[in-house]
$ cat structure27.pdb   # PDB, C-alpha atoms and all ligand atoms
ATOM      1  CA  MET U   1     -50.202 -53.590  -7.209
ATOM      2  CA  LEU U   2     -52.538 -53.220  -4.269
ATOM      3  CA  THR U   3     -52.730 -56.652  -2.681
ATOM      4  CA  ARG U   4     -54.698 -56.353   0.524
ATOM      5  CA  ILE U   5     -56.480 -54.186   3.010
ATOM      6  CA  ASP U   6     -53.620 -53.167   5.285
ATOM      7  CA  HIS U   7     -55.828 -51.430   7.810
ATOM      8  CA  ILE U   8     -58.996 -49.556   8.560
ATOM      9  CA  GLY U   9     -58.372 -46.324  10.467
ATOM     10  CA  ILE U  10     -60.894 -45.563  13.209
ATOM     11  CA  ALA U  11     -60.947 -42.172  14.913
ATOM     12  CA  CYS U  12     -61.706 -42.119  18.636
ATOM     13  CA  PHE U  13     -61.683 -39.616  21.491
ATOM     14  CA  ASP U  14     -60.076 -41.940  24.056
ATOM     15  CA  LEU U  15     -57.609 -44.522  22.741
ATOM     16  CA  ASP U  16     -57.356 -46.518  25.973
ATOM     17  CA  LYS U  17     -61.127 -46.888  26.315
ATOM     18  CA  THR U  18     -61.483 -47.839  22.656
ATOM     19  CA  VAL U  19     -58.679 -50.405  22.883
ATOM     20  CA  GLU U  20     -60.450 -51.880  25.892
ATOM     21  CA  PHE U  21     -63.739 -52.076  23.951
ATOM     22  CA  TYR U  22     -62.084 -54.034  21.120
ATOM     23  CA  ARG U  23     -60.367 -56.344  23.618
ATOM     24  CA  ALA U  24     -63.417 -57.003  25.788
ATOM     25  CA  THR U  25     -65.908 -57.293  22.924
ATOM     26  CA  TYR U  26     -63.932 -59.154  20.255
ATOM     27  CA  GLY U  27     -60.757 -60.359  21.937
ATOM     28  CA  PHE U  28     -58.443 -58.254  19.707
ATOM     29  CA  GLU U  29     -55.139 -57.387  21.378
ATOM     30  CA  VAL U  30     -52.794 -54.472  20.726
ATOM     31  CA  PHE U  31     -50.039 -55.609  18.332
ATOM     32  CA  HIS U  32     -48.222 -52.268  18.275
ATOM     33  CA  SER U  33     -48.766 -48.720  19.550
ATOM     34  CA  GLU U  34     -46.953 -45.446  18.972
ATOM     35  CA  ILE U  35     -47.259 -41.685  18.749
ATOM     36  CA  ASN U  36     -46.776 -40.156  15.285
ATOM     37  CA  GLU U  37     -46.199 -36.435  15.887
ATOM     38  CA  GLU U  38     -46.070 -35.565  12.197
ATOM     39  CA  GLN U  39     -49.551 -37.024  11.678
ATOM     40  CA  GLY U  40     -50.805 -35.818  15.087
ATOM     41  CA  VAL U  41     -51.996 -39.223  16.274
ATOM     42  CA  ARG U  42     -51.584 -41.647  19.133
ATOM     43  CA  GLU U  43     -52.414 -45.005  17.643
ATOM     44  CA  ALA U  44     -52.859 -48.683  18.353
ATOM     45  CA  MET U  45     -52.662 -51.410  15.717
ATOM     46  CA  LEU U  46     -54.835 -54.467  16.359
ATOM     47  CA  ARG U  47     -53.733 -57.337  14.109
ATOM     48  CA  ILE U  48     -56.776 -59.091  12.710
ATOM     49  CA  ASN U  49     -55.325 -61.659  10.307
ATOM     50  CA  GLY U  50     -52.438 -62.597   8.027
ATOM     51  CA  THR U  51     -53.090 -62.742   4.283
ATOM     52  CA  ASP U  52     -52.031 -64.915   1.332
ATOM     53  CA  ASP U  53     -49.397 -62.383   0.213
ATOM     54  CA  GLY U  54     -47.616 -62.670   3.562
ATOM     55  CA  GLY U  55     -48.946 -59.333   4.785
ATOM     56  CA  ALA U  56     -51.446 -58.641   7.516
ATOM     57  CA  SER U  57     -54.574 -56.627   8.133
ATOM     58  CA  TYR U  58     -55.111 -54.393  11.115
ATOM     59  CA  LEU U  59     -57.557 -52.061  12.749
ATOM     60  CA  GLN U  60     -55.788 -48.774  13.416
ATOM     61  CA  LEU U  61     -57.306 -46.921  16.359
ATOM     62  CA  LEU U  62     -56.445 -43.215  16.245
ATOM     63  CA  GLU U  63     -56.659 -40.551  18.961
ATOM     64  CA  PRO U  64     -55.584 -37.038  17.982
ATOM     65  CA  THR U  65     -52.640 -35.434  19.782
ATOM     66  CA  ARG U  66     -53.801 -31.945  18.749
ATOM     67  CA  GLU U  67     -57.093 -30.380  17.704
ATOM     68  CA  ASP U  68     -55.767 -29.032  14.400
ATOM     69  CA  SER U  69     -54.575 -32.463  13.186
ATOM     70  CA  ALA U  70     -56.387 -34.369  10.438
ATOM     71  CA  VAL U  71     -58.024 -36.710  12.946
ATOM     72  CA  GLY U  72     -58.734 -33.911  15.439
ATOM     73  CA  LYS U  73     -60.554 -31.851  12.833
ATOM     74  CA  TRP U  74     -62.452 -34.860  11.543
ATOM     75  CA  LEU U  75     -63.572 -35.902  15.049
ATOM     76  CA  ALA U  76     -64.800 -32.407  15.867
ATOM     77  CA  LYS U  77     -66.948 -32.458  12.746
ATOM     78  CA  ASN U  78     -68.122 -36.085  12.629
ATOM     79  CA  GLY U  79     -67.581 -37.705  16.012
ATOM     80  CA  GLU U  80     -66.066 -41.174  16.290
ATOM     81  CA  GLY U  81     -66.057 -43.588  13.374
ATOM     82  CA  VAL U  82     -64.239 -44.937  10.330
ATOM     83  CA  HIS U  83     -61.726 -42.312   9.195
ATOM     84  CA  HIS U  84     -59.818 -44.012   6.341
ATOM     85  CA  ILE U  85     -59.052 -47.266   4.600
ATOM     86  CA  ALA U  86     -55.522 -48.332   3.685
ATOM     87  CA  PHE U  87     -54.444 -50.657   0.888
ATOM     88  CA  GLY U  88     -51.157 -52.565   1.143
ATOM     89  CA  THR U  89     -48.664 -52.632  -1.722
ATOM     90  CA  ALA U  90     -45.033 -53.610  -2.168
ATOM     91  CA  ASP U  91     -44.497 -50.371  -4.147
ATOM     92  CA  VAL U  92     -46.166 -47.300  -2.672
ATOM     93  CA  ASP U  93     -44.005 -45.004  -4.854
ATOM     94  CA  GLY U  94     -44.947 -46.615  -8.149
ATOM     95  CA  ASP U  95     -48.586 -47.202  -7.301
ATOM     96  CA  SER U  96     -49.159 -43.656  -6.036
ATOM     97  CA  GLU U  97     -47.528 -42.190  -9.180
ATOM     98  CA  ALA U  98     -49.710 -44.398 -11.391
ATOM     99  CA  ILE U  99     -52.820 -43.302  -9.492
ATOM    100  CA  ARG U 100     -51.749 -39.642  -9.697
ATOM    101  CA  ASP U 101     -51.474 -40.063 -13.470
ATOM    102  CA  LYS U 102     -55.139 -41.078 -13.493
ATOM    103  CA  GLY U 103     -56.057 -37.664 -12.087
ATOM    104  CA  VAL U 104     -56.532 -38.548  -8.424
ATOM    105  CA  ARG U 105     -54.917 -36.117  -5.983
ATOM    106  CA  VAL U 106     -52.090 -37.789  -4.035
ATOM    107  CA  LEU U 107     -51.538 -35.698  -0.909
ATOM    108  CA  TYR U 108     -47.754 -36.101  -0.543
ATOM    109  CA  ASP U 109     -44.986 -35.588  -3.115
ATOM    110  CA  ALA U 110     -43.143 -38.502  -1.522
ATOM    111  CA  PRO U 111     -44.404 -41.116   0.939
ATOM    112  CA  ARG U 112     -44.016 -40.292   4.642
ATOM    113  CA  ARG U 113     -43.375 -42.368   7.714
ATOM    114  CA  GLY U 114     -46.327 -44.441   8.932
ATOM    115  CA  SER U 115     -47.022 -46.956  11.643
ATOM    116  CA  MET U 116     -44.264 -49.488  12.349
ATOM    117  CA  ASP U 117     -41.882 -47.609  10.017
ATOM    118  CA  SER U 118     -44.104 -48.207   7.018
ATOM    119  CA  ARG U 119     -44.136 -45.715   4.132
ATOM    120  CA  ILE U 120     -47.530 -44.114   3.505
ATOM    121  CA  THR U 121     -49.373 -41.660   1.346
ATOM    122  CA  PHE U 122     -53.003 -40.566   1.056
ATOM    123  CA  LEU U 123     -55.470 -39.978  -1.785
ATOM    124  CA  HIS U 124     -57.877 -37.081  -1.414
ATOM    125  CA  PRO U 125     -61.332 -38.273  -0.269
ATOM    126  CA  LYS U 126     -63.060 -35.908  -2.695
ATOM    127  CA  ASP U 127     -61.420 -37.805  -5.589
ATOM    128  CA  CYS U 128     -62.315 -41.216  -4.082
ATOM    129  CA  HIS U 129     -66.087 -41.014  -3.678
ATOM    130  CA  GLY U 130     -65.832 -39.690  -0.136
ATOM    131  CA  VAL U 131     -63.305 -42.210   1.212
ATOM    132  CA  LEU U 132     -59.937 -41.011   2.529
ATOM    133  CA  THR U 133     -57.659 -43.705   1.084
ATOM    134  CA  GLU U 134     -54.136 -44.527   2.222
ATOM    135  CA  LEU U 135     -51.476 -46.593   0.435
ATOM    136  CA  VAL U 136     -48.945 -48.453   2.610
ATOM    137  CA  THR U 137     -45.706 -50.304   2.071
ATOM    138  CA  SER U 138     -44.674 -52.178   5.188
ATOM    139  CA  ALA U 139     -41.181 -51.759   6.620
ATOM    140  CA  ALA U 140     -40.075 -55.330   5.961
ATOM    141  CA  PRO U 141     -41.269 -56.230   2.473
ATOM    142  CA  ASP U 142     -39.686 -59.672   2.695
ATOM    143  CA  VAL U 143     -42.009 -60.410   5.585
ATOM    144  CA  ALA U 144     -45.041 -58.276   4.893
ATOM    145  CA  ASP U 145     -45.474 -57.590   1.175
ATOM    146  CA  HIS U 146     -44.188 -60.138  -1.259
TER     147      HIS U 146
HETATM  148  C1  LIG U 201     -61.986 -34.700   5.461
HETATM  149  N1  LIG U 201     -62.940 -35.011   4.583
HETATM  150  C2  LIG U 201     -63.104 -36.337   4.575
HETATM  151  C3  LIG U 201     -62.189 -36.837   5.531
HETATM  152  N2  LIG U 201     -61.505 -35.794   6.048
HETATM  153  N3  LIG U 201     -63.920 -37.127   3.880
HETATM  154  C4  LIG U 201     -63.843 -38.449   4.111
HETATM  155  N4  LIG U 201     -63.005 -39.001   5.030
HETATM  156  C5  LIG U 201     -62.172 -38.226   5.744
HETATM  157  N5  LIG U 201     -61.352 -38.768   6.641
HETATM  158  C6  LIG U 201     -63.719 -34.062   3.768
HETATM  159  C7  LIG U 201     -64.396 -33.026   4.621
HETATM  160  O1  LIG U 201     -65.645 -33.488   5.088
HETATM  161  C8  LIG U 201     -64.531 -31.871   3.672
HETATM  162  O2  LIG U 201     -65.644 -32.057   2.852
HETATM  163  C9  LIG U 201     -63.269 -31.966   2.836
HETATM  164  O3  LIG U 201     -62.838 -33.345   2.922
HETATM  165  C10 LIG U 201     -62.159 -31.063   3.345
HETATM  166  O4  LIG U 201     -61.978 -31.383   4.712
HETATM  167  P1  LIG U 201     -61.493 -30.380   5.844
HETATM  168  O5  LIG U 201     -62.209 -30.728   7.093
HETATM  169  O6  LIG U 201     -61.516 -28.963   5.345
HETATM  170  O7  LIG U 201     -60.012 -30.839   6.082
HETATM  171  P2  LIG U 201     -58.702 -30.578   5.254
HETATM  172  O8  LIG U 201     -58.992 -30.260   3.821
HETATM  173  O9  LIG U 201     -57.849 -29.647   6.025
HETATM  174  O10 LIG U 201     -58.057 -32.041   5.359
HETATM  175  C11 LIG U 201     -58.595 -33.161   4.731
HETATM  176  C12 LIG U 201     -57.430 -34.042   4.333
HETATM  177  C13 LIG U 201     -56.603 -34.328   5.607
HETATM  178  C14 LIG U 201     -57.984 -35.329   3.725
HETATM  179  C15 LIG U 201     -56.570 -33.308   3.282
HETATM  180  O11 LIG U 201     -57.421 -34.982   6.555
HETATM  181  C16 LIG U 201     -55.366 -35.111   5.384
HETATM  182  O12 LIG U 201     -54.343 -34.593   4.968
HETATM  183  N6  LIG U 201     -55.427 -36.441   5.648
HETATM  184  C17 LIG U 201     -54.240 -37.301   5.450
HETATM  185  C18 LIG U 201     -53.474 -37.491   6.735
HETATM  186  C19 LIG U 201     -54.278 -38.176   7.810
HETATM  187  O13 LIG U 201     -55.472 -38.363   7.706
HETATM  188  N7  LIG U 201     -53.566 -38.546   8.931
HETATM  189  C20 LIG U 201     -54.186 -39.228  10.068
HETATM  190  C21 LIG U 201     -54.010 -40.699   9.970
HETATM  191  P3  LIG U 201     -66.749 -30.923   2.661
HETATM  192  O14 LIG U 201     -67.274 -30.650   4.019
HETATM  193  O15 LIG U 201     -65.996 -29.767   2.050
HETATM  194  O16 LIG U 201     -67.744 -31.547   1.730
HETATM  195  S1  LIG U 201     -52.314 -41.132  10.215
HETATM  196  C22 LIG U 201     -52.159 -42.768   9.676
HETATM  197  O17 LIG U 201     -53.163 -43.319   9.093
HETATM  198  C23 LIG U 201     -50.950 -43.393   9.914
HETATM  199  C24 LIG U 201     -49.855 -42.748  10.665
HETATM  200  C25 LIG U 201     -50.722 -44.783   9.398
HETATM  201  O18 LIG U 201     -51.600 -45.388   8.814
HETATM  202  O19 LIG U 201     -49.577 -45.296   9.601
HETATM  203 CO    CO U 202     -53.635 -45.248   8.527
END
$ encode --input "structure27.pdb" --output "structure tokens"
Amino acid sequence: MLTRIDHIGIACFDLDKTVEFYRATYGFEVFHSEINEEQGVREAMLRINGTDDGGASYLQLLEPTREDSAVGKWLAKNGEGVHHIAFGTADVDGDSEAIRDKGVRVLYDAPRRGSMDSRITFLHPKDCHGVLTELVTSAAPDVADH
């Protein structure tokens, strides 16, 4: 079951400048940052709020590490902006299989590693009315997704 918005992914050209904008304008601080080479991103998670299910919602600021990455290609075509939305679930495997059975393309055969050791997969934007949609199970379900 999808229980919350885990994050909104925002593509940017310069992560440090964008982090500074969110800090100076809204007061949001970096909760976590990392480089994910498989996904080709340098990213910062800004924690916005906790939710009733014990999880949290974030803004995920994304700078590409290479031009041919998903975010690099998207930025070249569209410029900066909202790149994807991510729903949180305690069961990314089961939920993605159920959604695949409805005829929506799930991009990975098995979930891959996401931010903070989460497990993630993506639904094709062309099957989701133009929205690249991610499903996330946090690393510590006892803390984040119960
Ligand atoms: C591409 N399209 C999008 C889109 N990206 N539409 C909406 N939102 C997006 N973000 C459209 C694009 O305009 C084209 O439409 C069509 O899809 C094919 O795009 P393309 O430029 O030819 O690119 P592809 O097909 O090579 O790649 C698109 C997909 C790719 C969605 C397959 O971006 C992908 O695999 N994304 C999943 C991985 C990802 O995004 N990683 C970065 C975040 P027209 O022009 O044909 O109409 S990593 C992350 O979130 C992490 C680590 C985390 O949360 O922990
Ligand atoms: Co994401």
$ atom_distance --input "structure27.pdb" --atom1 "atom C16 of ligand LIG 201 (chain U)" --atom2 "atom CA of Arg42 of chain U"
15.7 Å
$ resolve_selection --input "structure27.pdb" --expression "the PyMOL selection byres (((chain U and resi 82) around 10) and not hetatm)" --output "PyMOL selection string"
chain U and resi 8-12+60-62+78-81+83-85+131-132
$ closest_atom_pairs --input "structure27.pdb" --of "chain U" --to "ligand LIG 201 (chain U)" --cutoff "6 Å" --atoms "only C-alpha atoms and all ligand atoms" --output "CSV"
residue,atom,partner,partner_atom,distance
U:Gln39,CA,U:LIG201,N7,5.1
U:Ala70,CA,U:LIG201,O11,4.1
U:Val71,CA,U:LIG201,C20,5.4
U:Trp74,CA,U:LIG201,N2,5.7
U:His83,CA,U:LIG201,N5,4.4
U:His84,CA,U:LIG201,N5,5.5
U:Gly114,CA,U:LIG201,O19,3.4
U:Ser115,CA,U:LIG201,O19,3.7
U:Phe122,CA,U:LIG201,C17,5.6
U:His124,CA,U:LIG201,C14,5.4
U:Pro125,CA,U:LIG201,N3,5.0
U:Gly130,CA,U:LIG201,C4,4.9
U:Val131,CA,U:LIG201,C4,4.8
U:Leu132,CA,U:LIG201,N4,4.4
$ closest_residue --input "structure27.pdb" --among "U:Glu43, U:Glu29, U:Glu20, U:Glu34" --to "ligand CO 202 (chain U)" --atoms "all atoms listed in the file"
U:Glu43
$ closest_residue --input "structure27.pdb" --among "U:Phe13, U:Arg23, U:Ser118, U:Asp101" --to "Arg66 of chain U" --atoms "only C-alpha atoms"
U:Phe13
$ atom_distance --input "structure27.pdb" --atom1 "atom CA of Lys17 of chain U" --atom2 "atom CA of Lys73 of chain U"
20.2 Å
$ residues_around --input "structure27.pdb" --residues "Leu46 of chain U" --least-positions-apart "5" --cutoff "10 Å" --atoms "all atoms listed in the file" --output "ChimeraX atom specification"
/U:7,19,22-23,28-33,57-61
$ write_last_selection --input "structure27.pdb" --atoms "C-alpha atoms" --output "PDB file, in the frame of the given file"
ATOM      1  CA  HIS U   7     -55.828 -51.430   7.810  1.00  0.00           C
ATOM      2  CA  VAL U  19     -58.679 -50.405  22.883  1.00  0.00           C
ATOM      3  CA  TYR U  22     -62.084 -54.034  21.120  1.00  0.00           C
ATOM      4  CA  ARG U  23     -60.367 -56.344  23.618  1.00  0.00           C
ATOM      5  CA  PHE U  28     -58.443 -58.254  19.707  1.00  0.00           C
ATOM      6  CA  GLU U  29     -55.139 -57.387  21.378  1.00  0.00           C
ATOM      7  CA  VAL U  30     -52.794 -54.472  20.726  1.00  0.00           C
ATOM      8  CA  PHE U  31     -50.039 -55.609  18.332  1.00  0.00           C
ATOM      9  CA  HIS U  32     -48.222 -52.268  18.275  1.00  0.00           C
ATOM     10  CA  SER U  33     -48.766 -48.720  19.550  1.00  0.00           C
ATOM     11  CA  SER U  57     -54.574 -56.627   8.133  1.00  0.00           C
ATOM     12  CA  TYR U  58     -55.111 -54.393  11.115  1.00  0.00           C
ATOM     13  CA  LEU U  59     -57.557 -52.061  12.749  1.00  0.00           C
ATOM     14  CA  GLN U  60     -55.788 -48.774  13.416  1.00  0.00           C
ATOM     15  CA  LEU U  61     -57.306 -46.921  16.359  1.00  0.00           C
TER      16      LEU U  61
END
$ closest_residue --input "structure27.pdb" --among "U:Val41, U:Arg47, U:Arg105, U:Ala24" --to "Glu67 of chain U" --atoms "all atoms listed in the file"
U:Val41
$ closest_residue --input "structure27.pdb" --among "U:Leu75, U:Cys128, U:Glu37, U:Thr121" --to "Gly94 of chain U" --atoms "only C-alpha atoms"
U:Thr121
$ closest_residue --input "structure27.pdb" --among "U:Met1, U:Val106, U:Ala44, U:Leu123" --to "Thr137 of chain U" --atoms "only C-alpha atoms"
U:Met1
$ closest_residue --input "structure27.pdb" --among "U:Ile5, U:Ala140, U:Val104, U:Ala98" --to "ligand CO 202 (chain U)" --atoms "all atoms listed in the file"
U:Ile5
